[in-house]
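Q: File name my_file16.cif; file contents mmCIF, C-alpha atoms; full text below.
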```cif
data_upload
loop_
_atom_site.group_PDB
_atom_site.id
_atom_site.type_symbol
_atom_site.label_atom_id
_atom_site.label_comp_id
_atom_site.auth_asym_id
_atom_site.auth_seq_id
_atom_site.Cartn_x
_atom_site.Cartn_y
_atom_site.Cartn_z
ATOM 1 C CA MET A 1440 20.690 10.848 0.285
ATOM 2 C CA ASN A 1441 18.325 13.076 2.264
ATOM 3 C CA ILE A 1442 14.939 11.605 3.215
ATOM 4 C CA TYR A 1443 11.822 13.485 4.314
ATOM 5 C CA PHE A 1444 8.905 12.042 6.322
ATOM 6 C CA PRO A 1445 5.874 14.392 6.297
ATOM 7 C CA ASN A 1446 3.384 14.069 9.153
ATOM 8 C CA VAL A 1447 5.797 11.756 10.911
ATOM 9 C CA GLY A 1448 3.571 11.394 14.000
ATOM 10 C CA ARG A 1449 4.296 8.243 16.017
ATOM 11 C CA ARG A 1450 6.424 6.452 13.397
ATOM 12 C CA CYS A 1451 9.372 6.195 15.776
ATOM 13 C CA GLU A 1452 10.390 2.626 14.946
ATOM 14 C CA LEU A 1453 9.992 3.189 11.215
ATOM 15 C CA VAL A 1454 12.145 6.323 11.239
ATOM 16 C CA SER A 1455 14.744 4.548 13.366
ATOM 17 C CA LEU A 1456 14.989 1.756 10.788
ATOM 18 C CA PHE A 1457 15.738 4.244 8.009
ATOM 19 C CA LYS A 1458 18.077 6.187 10.257
ATOM 20 C CA ASN A 1459 20.076 3.022 10.981
ATOM 21 C CA SER A 1460 20.219 1.917 7.339
ATOM 22 C CA LEU A 1461 21.089 5.232 5.703
ATOM 23 C CA PRO A 1462 24.726 5.548 6.934
ATOM 24 C CA GLN A 1463 25.484 2.089 5.509
ATOM 25 C CA LEU A 1464 24.523 3.229 2.024
ATOM 26 C CA SER A 1465 24.963 6.978 1.686
ATOM 27 C CA PRO A 1466 25.698 10.120 3.682
ATOM 28 C CA GLY A 1467 22.542 12.063 4.385
ATOM 29 C CA LEU A 1468 19.897 13.165 6.855
ATOM 30 C CA ILE A 1469 16.430 12.060 7.891
ATOM 31 C CA TRP A 1470 14.038 15.023 7.987
ATOM 32 C CA GLY A 1471 10.582 15.099 9.495
ATOM 33 C CA SER A 1472 7.662 17.456 9.985
ATOM 34 C CA ASP A 1473 4.355 17.320 11.822
ATOM 35 C CA PRO A 1474 1.628 19.858 12.689
ATOM 36 C CA ASN A 1475 2.020 18.684 16.290
ATOM 37 C CA PRO A 1476 5.374 19.947 17.612
ATOM 38 C CA LEU A 1477 5.237 17.229 20.296
ATOM 39 C CA ALA A 1478 4.896 14.361 17.811
ATOM 40 C CA PRO A 1479 7.104 11.558 19.213
ATOM 41 C CA ALA A 1480 8.924 10.778 15.966
ATOM 42 C CA LEU A 1481 10.182 14.364 15.732
ATOM 43 C CA GLN A 1482 12.558 13.314 18.516
ATOM 44 C CA ILE A 1483 13.940 10.525 16.294
ATOM 45 C CA VAL A 1484 14.614 12.319 12.987
ATOM 46 C CA ASP A 1485 17.949 14.065 12.404
ATOM 47 C CA ARG A 1486 16.328 17.397 11.554
ATOM 48 C CA CYS A 1487 12.856 18.934 11.897
ATOM 49 C CA VAL A 1488 11.258 21.406 9.531
ATOM 50 C CA ASN A 1489 8.353 23.675 10.428
ATOM 51 C CA LEU A 1490 5.863 23.988 7.586
ATOM 52 C CA PRO A 1491 2.402 25.574 7.365
ATOM 53 C CA TYR A 1492 -0.535 23.288 8.018
ATOM 54 C CA PRO A 1493 -1.055 21.124 4.898
ATOM 55 C CA THR A 1494 -4.407 22.762 4.118
ATOM 56 C CA ASP A 1495 -2.834 26.253 4.219
ATOM 57 C CA SER A 1496 -2.577 27.954 0.813
ATOM 58 C CA SER A 1497 1.129 28.635 1.380
ATOM 59 C CA PHE A 1498 1.997 24.993 2.152
ATOM 60 C CA SER A 1499 3.073 24.079 -1.372
ATOM 61 C CA ALA A 1500 5.450 27.024 -1.769
ATOM 62 C CA HIS A 1501 7.058 26.471 1.639
ATOM 63 C CA LEU A 1502 7.368 22.749 1.016
ATOM 64 C CA ILE A 1503 9.136 23.201 -2.335
ATOM 65 C CA GLU A 1504 11.438 25.823 -0.852
ATOM 66 C CA PHE A 1505 12.418 23.370 1.893
ATOM 67 C CA LEU A 1506 12.912 20.474 -0.534
ATOM 68 C CA LYS A 1507 15.219 22.594 -2.722
ATOM 69 C CA LYS A 1508 17.181 24.144 0.127
ATOM 70 C CA GLU A 1509 17.917 20.824 1.859
ATOM 71 C CA SER A 1510 18.384 18.789 -1.354
ATOM 72 C CA ILE A 1511 15.765 16.203 -0.433
ATOM 73 C CA ASP A 1512 16.066 13.048 -2.558
ATOM 74 C CA LEU A 1513 13.196 10.942 -1.239
ATOM 75 C CA ILE A 1514 9.773 11.715 0.265
ATOM 76 C CA ILE A 1515 8.024 8.894 2.151
ATOM 77 C CA PRO A 1516 4.342 9.598 2.927
ATOM 78 C CA THR A 1517 3.005 7.317 5.683
ATOM 79 C CA ILE A 1518 -0.600 8.492 6.198
ATOM 80 C CA ASP A 1519 -3.565 8.323 3.830
ATOM 81 C CA PRO A 1520 -4.190 12.094 3.415
ATOM 82 C CA ASP A 1521 -0.572 12.566 2.334
ATOM 83 C CA LEU A 1522 -0.967 10.010 -0.435
ATOM 84 C CA GLU A 1523 -3.583 12.154 -2.159
ATOM 85 C CA ARG A 1524 -1.771 15.367 -1.278
ATOM 86 C CA PHE A 1525 1.591 14.370 -2.744
ATOM 87 C CA SER A 1526 -0.037 12.625 -5.674
ATOM 88 C CA SER A 1527 -1.684 15.939 -6.643
ATOM 89 C CA MET A 1528 1.557 17.880 -6.051
ATOM 90 C CA LYS A 1529 4.033 15.528 -7.704
ATOM 91 C CA ASN A 1530 4.109 17.261 -11.101
ATOM 92 C CA GLU A 1531 4.692 20.648 -9.483
ATOM 93 C CA ILE A 1532 7.454 19.242 -7.283
ATOM 94 C CA LYS A 1533 9.102 17.523 -10.254
ATOM 95 C CA LYS A 1534 9.350 20.868 -12.091
ATOM 96 C CA TYR A 1535 11.753 22.114 -9.439
ATOM 97 C CA LEU A 1536 13.329 18.821 -8.372
ATOM 98 C CA PRO A 1537 13.233 16.403 -11.317
ATOM 99 C CA LYS A 1538 15.442 13.820 -9.583
ATOM 100 C CA LEU A 1539 13.436 13.707 -6.354
ATOM 101 C CA THR A 1540 11.452 10.505 -5.731
ATOM 102 C CA ILE A 1541 8.063 10.449 -4.020
ATOM 103 C CA LEU A 1542 7.442 6.912 -2.816
ATOM 104 C CA ILE A 1543 3.801 6.497 -3.826
ATOM 105 C CA SER A 1544 1.787 4.364 -6.228
ATOM 106 C CA PRO A 1545 0.072 5.770 -9.357
ATOM 107 C CA ASP A 1546 -2.932 8.075 -8.965
ATOM 108 C CA GLU A 1547 -5.463 5.366 -9.842
ATOM 109 C CA VAL A 1548 -4.114 3.078 -7.111
ATOM 110 C CA ILE A 1549 -4.365 5.848 -4.525
ATOM 111 C CA ARG A 1550 -7.955 6.644 -5.572
ATOM 112 C CA MET A 1551 -8.902 2.976 -5.457
ATOM 113 C CA SER A 1552 -7.374 2.391 -2.031
ATOM 114 C CA ALA A 1553 -9.160 5.452 -0.632
ATOM 115 C CA ASP A 1554 -12.596 4.101 -1.605
ATOM 116 C CA LYS A 1555 -13.359 0.651 -0.209
ATOM 117 C CA ARG A 1556 -16.066 0.147 -2.837
ATOM 118 C CA LEU A 1557 -13.503 0.546 -5.616
ATOM 119 C CA THR A 1558 -11.111 -1.721 -3.737
ATOM 120 C CA LYS A 1559 -13.726 -4.451 -3.481
ATOM 121 C CA GLU A 1560 -14.533 -4.154 -7.201
ATOM 122 C CA ALA A 1561 -10.846 -4.338 -8.130
ATOM 123 C CA PHE A 1562 -10.300 -7.426 -5.968
ATOM 124 C CA GLU A 1563 -13.375 -9.103 -7.466
ATOM 125 C CA GLU A 1564 -12.225 -8.399 -11.031
ATOM 126 C CA MET A 1565 -8.990 -10.212 -10.236
ATOM 127 C CA GLY A 1566 -10.796 -13.243 -8.900
ATOM 128 C CA ALA A 1567 -9.995 -12.680 -5.233
ATOM 129 C CA ASP A 1568 -12.282 -13.985 -2.511
ATOM 130 C CA VAL A 1569 -14.139 -10.992 -0.974
ATOM 131 C CA PRO A 1570 -16.977 -10.492 1.544
ATOM 132 C CA ALA A 1571 -20.475 -10.529 0.058
ATOM 133 C CA TYR A 1572 -22.397 -7.254 -0.115
ATOM 134 C CA ILE A 1573 -25.621 -7.097 1.894
ATOM 135 C CA THR A 1574 -28.283 -5.047 0.126
ATOM 136 C CA ASN A 1575 -31.430 -6.205 1.914
ATOM 137 C CA THR A 1576 -30.849 -5.739 5.641
ATOM 138 C CA SER A 1577 -34.435 -6.706 6.520
ATOM 139 C CA LYS A 1578 -33.745 -10.305 5.530
ATOM 140 C CA CYS A 1579 -30.058 -10.681 6.401
ATOM 141 C CA ASN A 1580 -28.545 -13.037 8.921
ATOM 142 C CA PHE A 1581 -26.766 -11.302 11.782
ATOM 143 C CA PRO A 1582 -24.043 -10.597 12.627
ATOM 144 C CA ILE A 1583 -23.065 -8.376 9.704
ATOM 145 C CA PHE A 1584 -20.335 -5.763 9.268
ATOM 146 C CA ILE A 1585 -20.579 -2.047 8.500
ATOM 147 C CA LYS A 1586 -17.825 0.388 7.563
ATOM 148 C CA PRO A 1587 -17.579 3.801 5.878
ATOM 149 C CA ALA A 1588 -16.525 3.379 2.239
ATOM 150 C CA LEU A 1589 -14.338 6.479 2.437
ATOM 151 C CA GLY A 1590 -13.042 5.952 5.947
ATOM 152 C CA SER A 1591 -9.414 5.700 7.006
ATOM 153 C CA GLY A 1592 -8.084 3.066 9.360
ATOM 154 C CA SER A 1593 -10.763 1.248 11.342
ATOM 155 C CA TYR A 1594 -12.819 4.312 12.276
ATOM 156 C CA GLY A 1595 -16.529 3.571 12.026
ATOM 157 C CA ALA A 1596 -16.009 -0.110 11.181
ATOM 158 C CA LYS A 1597 -17.915 -2.429 13.498
ATOM 159 C CA LYS A 1598 -19.716 -5.714 13.892
ATOM 160 C CA ILE A 1599 -23.511 -5.372 13.942
ATOM 161 C CA ASN A 1600 -25.529 -7.930 15.888
ATOM 162 C CA ASN A 1601 -29.131 -6.834 15.299
ATOM 163 C CA LEU A 1602 -31.434 -4.317 13.591
ATOM 164 C CA VAL A 1603 -31.291 -1.871 16.499
ATOM 165 C CA GLU A 1604 -27.480 -1.673 16.266
ATOM 166 C CA LEU A 1605 -27.718 -1.352 12.483
ATOM 167 C CA GLU A 1606 -30.170 1.571 12.635
ATOM 168 C CA SER A 1607 -27.921 3.317 15.150
ATOM 169 C CA ALA A 1608 -24.791 2.764 13.054
ATOM 170 C CA LEU A 1609 -26.434 3.982 9.833
ATOM 171 C CA LYS A 1610 -27.229 7.319 11.485
ATOM 172 C CA ILE A 1611 -23.551 8.059 12.106
ATOM 173 C CA THR A 1612 -21.844 6.310 9.175
ATOM 174 C CA GLU A 1613 -21.201 8.249 5.973
ATOM 175 C CA PHE A 1614 -21.202 6.264 2.725
ATOM 176 C CA PRO A 1615 -21.876 2.993 4.577
ATOM 177 C CA MET A 1616 -20.817 -0.374 3.191
ATOM 178 C CA ILE A 1617 -22.637 -3.373 4.629
ATOM 179 C CA GLU A 1618 -21.081 -6.784 4.189
ATOM 180 C CA GLU A 1619 -21.256 -10.274 5.587
ATOM 181 C CA PHE A 1620 -19.307 -10.615 8.816
ATOM 182 C CA ILE A 1621 -16.179 -12.728 8.359
ATOM 183 C CA GLU A 1622 -14.907 -14.665 11.356
ATOM 184 C CA GLY A 1623 -11.225 -15.451 11.743
ATOM 185 C CA ASP A 1624 -7.865 -13.799 12.221
ATOM 186 C CA GLU A 1625 -7.056 -10.506 10.532
ATOM 187 C CA ILE A 1626 -3.836 -10.770 8.566
ATOM 188 C CA THR A 1627 -1.984 -7.814 7.078
ATOM 189 C CA VAL A 1628 0.544 -8.490 4.326
ATOM 190 C CA ASP A 1629 3.350 -5.982 3.780
ATOM 191 C CA VAL A 1630 4.258 -6.015 0.072
ATOM 192 C CA LEU A 1631 7.174 -4.157 -1.511
ATOM 193 C CA LEU A 1632 7.246 -3.620 -5.284
ATOM 194 C CA ASP A 1633 9.779 -2.014 -7.596
ATOM 195 C CA PHE A 1634 9.035 0.911 -9.929
ATOM 196 C CA ASN A 1635 7.739 -1.485 -12.598
ATOM 197 C CA SER A 1636 5.237 -3.036 -10.143
ATOM 198 C CA ASN A 1637 7.267 -6.223 -9.812
ATOM 199 C CA PRO A 1638 6.757 -7.613 -6.281
ATOM 200 C CA LEU A 1639 9.990 -8.117 -4.350
ATOM 201 C CA ILE A 1640 8.672 -9.711 -1.169
ATOM 202 C CA ALA A 1641 5.533 -10.122 0.925
ATOM 203 C CA ILE A 1642 5.483 -10.649 4.697
ATOM 204 C CA PRO A 1643 2.183 -11.514 6.452
ATOM 205 C CA ARG A 1644 1.593 -10.619 10.077
ATOM 206 C CA LYS A 1645 -1.378 -11.308 12.330
ATOM 207 C CA ARG A 1646 -2.861 -8.241 14.019
ATOM 208 C CA ILE A 1647 -3.210 -8.817 17.764
ATOM 209 C CA LEU A 1648 -3.819 -5.296 19.083
ATOM 210 C CA VAL A 1649 -4.910 -2.279 17.032
ATOM 211 C CA ARG A 1650 -4.901 1.415 17.982
ATOM 212 C CA GLY A 1651 -6.567 3.981 15.728
ATOM 213 C CA GLY A 1652 -6.602 1.584 12.810
ATOM 214 C CA GLU A 1653 -2.861 0.881 13.106
ATOM 215 C CA VAL A 1654 -1.427 -2.312 14.551
ATOM 216 C CA SER A 1655 0.458 -1.861 17.823
ATOM 217 C CA ARG A 1656 1.019 -5.564 18.523
ATOM 218 C CA GLY A 1657 1.317 -8.403 16.055
ATOM 219 C CA ILE A 1658 3.220 -11.526 15.069
ATOM 220 C CA VAL A 1659 4.816 -12.539 11.761
ATOM 221 C CA MET A 1660 3.008 -15.452 10.099
ATOM 222 C CA ARG A 1661 4.720 -16.656 6.935
ATOM 223 C CA ASP A 1662 2.496 -18.505 4.440
ATOM 224 C CA LYS A 1663 3.612 -19.068 0.834
ATOM 225 C CA GLY A 1664 0.076 -19.276 -0.497
ATOM 226 C CA LEU A 1665 -1.027 -16.006 1.087
ATOM 227 C CA GLU A 1666 2.204 -14.271 0.103
ATOM 228 C CA SER A 1667 1.674 -15.328 -3.516
ATOM 229 C CA ILE A 1668 -1.906 -13.989 -3.528
ATOM 230 C CA ALA A 1669 -0.831 -10.659 -2.024
ATOM 231 C CA LYS A 1670 2.057 -10.187 -4.471
ATOM 232 C CA ASP A 1671 -0.173 -11.050 -7.420
ATOM 233 C CA LEU A 1672 -2.901 -8.593 -6.383
ATOM 234 C CA ALA A 1673 -0.445 -5.758 -5.711
ATOM 235 C CA SER A 1674 1.370 -6.310 -8.995
ATOM 236 C CA ARG A 1675 -1.775 -6.526 -11.138
ATOM 237 C CA LEU A 1676 -3.061 -3.339 -9.510
ATOM 238 C CA ASN A 1677 0.168 -1.623 -10.656
ATOM 239 C CA CYS A 1678 1.212 -0.688 -7.140
ATOM 240 C CA ILE A 1679 4.659 0.835 -6.565
ATOM 241 C CA GLY A 1680 6.793 0.736 -3.445
ATOM 242 C CA PRO A 1681 5.263 -0.334 -0.108
ATOM 243 C CA VAL A 1682 1.612 -1.343 0.229
ATOM 244 C CA THR A 1683 -0.345 -3.393 2.748
ATOM 245 C CA ILE A 1684 -3.222 -5.733 1.908
ATOM 246 C CA GLN A 1685 -5.577 -6.915 4.636
ATOM 247 C CA PHE A 1686 -7.129 -10.381 4.653
ATOM 248 C CA LYS A 1687 -9.419 -12.400 6.917
ATOM 249 C CA ASN A 1688 -8.714 -16.088 7.465
ATOM 250 C CA PRO A 1689 -12.046 -17.804 8.306
ATOM 251 C CA GLU A 1690 -10.726 -21.326 7.659
ATOM 252 C CA PRO A 1691 -7.433 -23.004 6.740
ATOM 253 C CA ASN A 1692 -6.027 -21.897 3.368
ATOM 254 C CA ARG A 1693 -8.897 -19.486 2.679
ATOM 255 C CA TRP A 1694 -7.896 -15.841 2.399
ATOM 256 C CA ILE A 1695 -10.588 -13.184 1.982
ATOM 257 C CA ALA A 1696 -9.246 -9.889 0.631
ATOM 258 C CA MET A 1697 -10.613 -6.965 2.645
ATOM 259 C CA GLU A 1698 -8.712 -3.726 1.978
ATOM 260 C CA ILE A 1699 -5.498 -2.242 0.635
ATOM 261 C CA ASN A 1700 -3.425 0.680 1.922
ATOM 262 C CA ALA A 1701 -1.114 2.260 -0.653
ATOM 263 C CA ARG A 1702 1.566 3.021 1.927
ATOM 264 C CA MET A 1703 3.671 1.461 4.668
ATOM 265 C CA GLY A 1704 1.701 -0.121 7.480
ATOM 266 C CA GLY A 1705 2.266 0.693 11.131
ATOM 267 C CA GLY A 1706 3.477 -2.863 11.753
ATOM 268 C CA LEU A 1707 6.216 -2.733 9.108
ATOM 269 C CA PRO A 1708 9.013 -2.994 11.736
ATOM 270 C CA LEU A 1709 7.811 -6.576 12.307
ATOM 271 C CA SER A 1710 8.406 -7.416 8.647
ATOM 272 C CA VAL A 1711 11.832 -5.782 8.725
ATOM 273 C CA ALA A 1712 12.682 -7.845 11.818
ATOM 274 C CA ALA A 1713 11.612 -10.935 9.864
ATOM 275 C CA GLY A 1714 14.354 -10.249 7.320
ATOM 276 C CA ALA A 1715 12.698 -7.922 4.799
ATOM 277 C CA ASN A 1716 15.011 -4.910 4.866
ATOM 278 C CA TRP A 1717 12.572 -2.362 3.432
ATOM 279 C CA PRO A 1718 14.729 0.723 4.197
ATOM 280 C CA LYS A 1719 17.812 -0.695 2.468
ATOM 281 C CA TRP A 1720 15.887 -1.880 -0.581
ATOM 282 C CA ILE A 1721 14.011 1.417 -0.928
#
```
Show me the file's structure as structure tokens.
A:
Amino acid sequence: MNIYFPNVGRRCELVSLFKNSLPQLSPGLIWGSDPNPLAPALQIVDRCVNLPYPTDSSFSAHLIEFLKKESIDLIIPTIDPDLERFSSMKNEIKKYLPKLTILISPDEVIRMSADKRLTKEAFEEMGADVPAYITNTSKCNFPIFIKPALGSGSYGAKKINNLVELESALKITEFPMIEEFIEGDEITVDVLLDFNSNPLIAIPRKRILVRGGEVSRGIVMRDKGLESIAKDLASRLNCIGPVTIQFKNPEPNRWIAMEINARMGGGLPLSVAAGANWPKWI
């Protein structure tokens, strides 16, 4: 089996996990590409491929040529832009490589996860506890929370303590969402589902230090109640493969659903270390 990680970036630990698991199951190679030739994870993959920048008109043709030439069996997107990119390209890729698997959820899941307004609506429809919208900021109780509805990671998301901070944030935030501010720990749950959206396992981890929206330090925090909620939400949303769902924990046994990422989270190596062998199962 030959595996390809596009835009592999800093996913050194993640690539290493797949690289260690692959020889136990099948002969093959781990391939990677990145617009930045100095991307750290390019030093971890078995082979690198140079492709045009993803927005280049020739990207699709060069990508398919590479996939065919190297007999790639599995593509694992790990960043949000690649979810939409490979979702739009999957039918074209399948014409040339019908047996190749792209590890992404259905189109509607990817669209929903990319728009935090749609995510909130989906969570509410399923009866999940979510932050309240704030529509009248002149009469709200501070602090509140603002974030761009179409943002990626934690960029532009911040706690707002007064009207002056709110006015400043609104000037630089596109498609702003304003919600009640939720105190408590931020918990990310890694969920893995099969191709029929049946959840296999869920591993929660508390985010301790975050860099660019991705966790760089955390601790596993098993909780059967939270794991059940996360698996139920991911399954009913018809997710496939790896997803992460973010919660806030303002009080014991209360889990407020915040966001979903339709891909592997940066802290996945923690879940693998906790016994969830994602690479082997995938």
Q: Please report the interatomic distance between atom CA of A:Val1659 and atom CA of A:Ile1621 in Å with one decimal.
A: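 Separation between atom CA of A:Val1659 and atom CA of A:Ile1621: 21.3 Å.
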Q: For A:Pro1537, which residue among A:Val1682, A:Ile1695, A:Ala1553, A:Leu1506 is the nearest when counting all atoms listed in the file?
A: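 So, comparing all the options, the nearest one is A:Leu1506.
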Q: Quote the spacing between atom CA of A:Arg1550 and atom CA of A:Phe1498 in Å to one decimal place.
A: 22.3 Å
Q: For stretch 1476-1482 of chain A, take all atoms listed in the file, fit an axis-aligned box around them, add 6 Å to each of the six sides, then output centre and edge lengths in Å rounded to one decimal, as JSON.
A:
```
{"center_x": 8.7, "center_y": 15.4, "center_z": 18.0, "size_x": 19.7, "size_y": 21.2, "size_z": 16.6}
```
Q: Using the chain letters and numbers from this file, what does the PyMOL selection byres ((chain A and resi 1630) around 9) select? Give the answer as a ChimeraX atom specification.
A: /A:1628-1629,1631-1632,1638-1643,1666,1669-1670,1673,1680-1684,1703
